[in-house]
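*Asks:* Below you will find the structure I want to go over with you.
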Amino acid sequence: MSFLEFSVQVSTAAKAKADLAVMKPEEKNLYGGQRLIARYGCYGCHNVPGFETAQPIGTELTEAAAS
């Protein structure tokens, strides 16, 4: 997904385009990375700084096979 596609999910297209116009490439990469981590739930299995309090995206399966 592009920056614009991520931004439109939480804002209007006009606002997303305006934000994109003033962001540096590093800021775009950071924003895109954060959105990808959140979308795919990488923090569920990995320790990702900034996502310590994020809710898991799926069901806890640690003890599912134990019963």
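In the structure tokens, the first chain shown is A, the next is B, and so on; residue numbers restart at 1 for each chain, and ligands run from 1 in the order shown.
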Name all residues at most 10 Å from Tyr43 of chain A (count only C-alpha atoms; drop same-chain ones fewer than 6 positions away) and give them as a list of chain:residue names.

*Replies:*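 Final neighbour list, sorted by chain and number: A:Ile37, A:Pro49, A:Gly50, A:Phe51, A:Glu52, A:Thr53, A:Ala54, A:Gln55, A:Pro56, A:Ile57.
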
*Asks:* Determine which residues of chain A DSSP labels as alpha helix (DSSP H) from the backbone of this structure, then write them out as number ranges by chain.

*Replies:* A: 3-10, 13-22, 25-40

*Asks:* What does the structure give for the distance between atom CA of Lys24 of chain A and atom CA of Arg39 of chain A, in Å to one decimal?

*Replies:*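 These atoms are spaced 22.5 Å apart.
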
*Asks:* Mind giving me the straight-line distance from atom CA of Leu4 of chain A to atom CA of Ala16 of chain A in Å, one decimal?

*Replies:* 6.1 Å
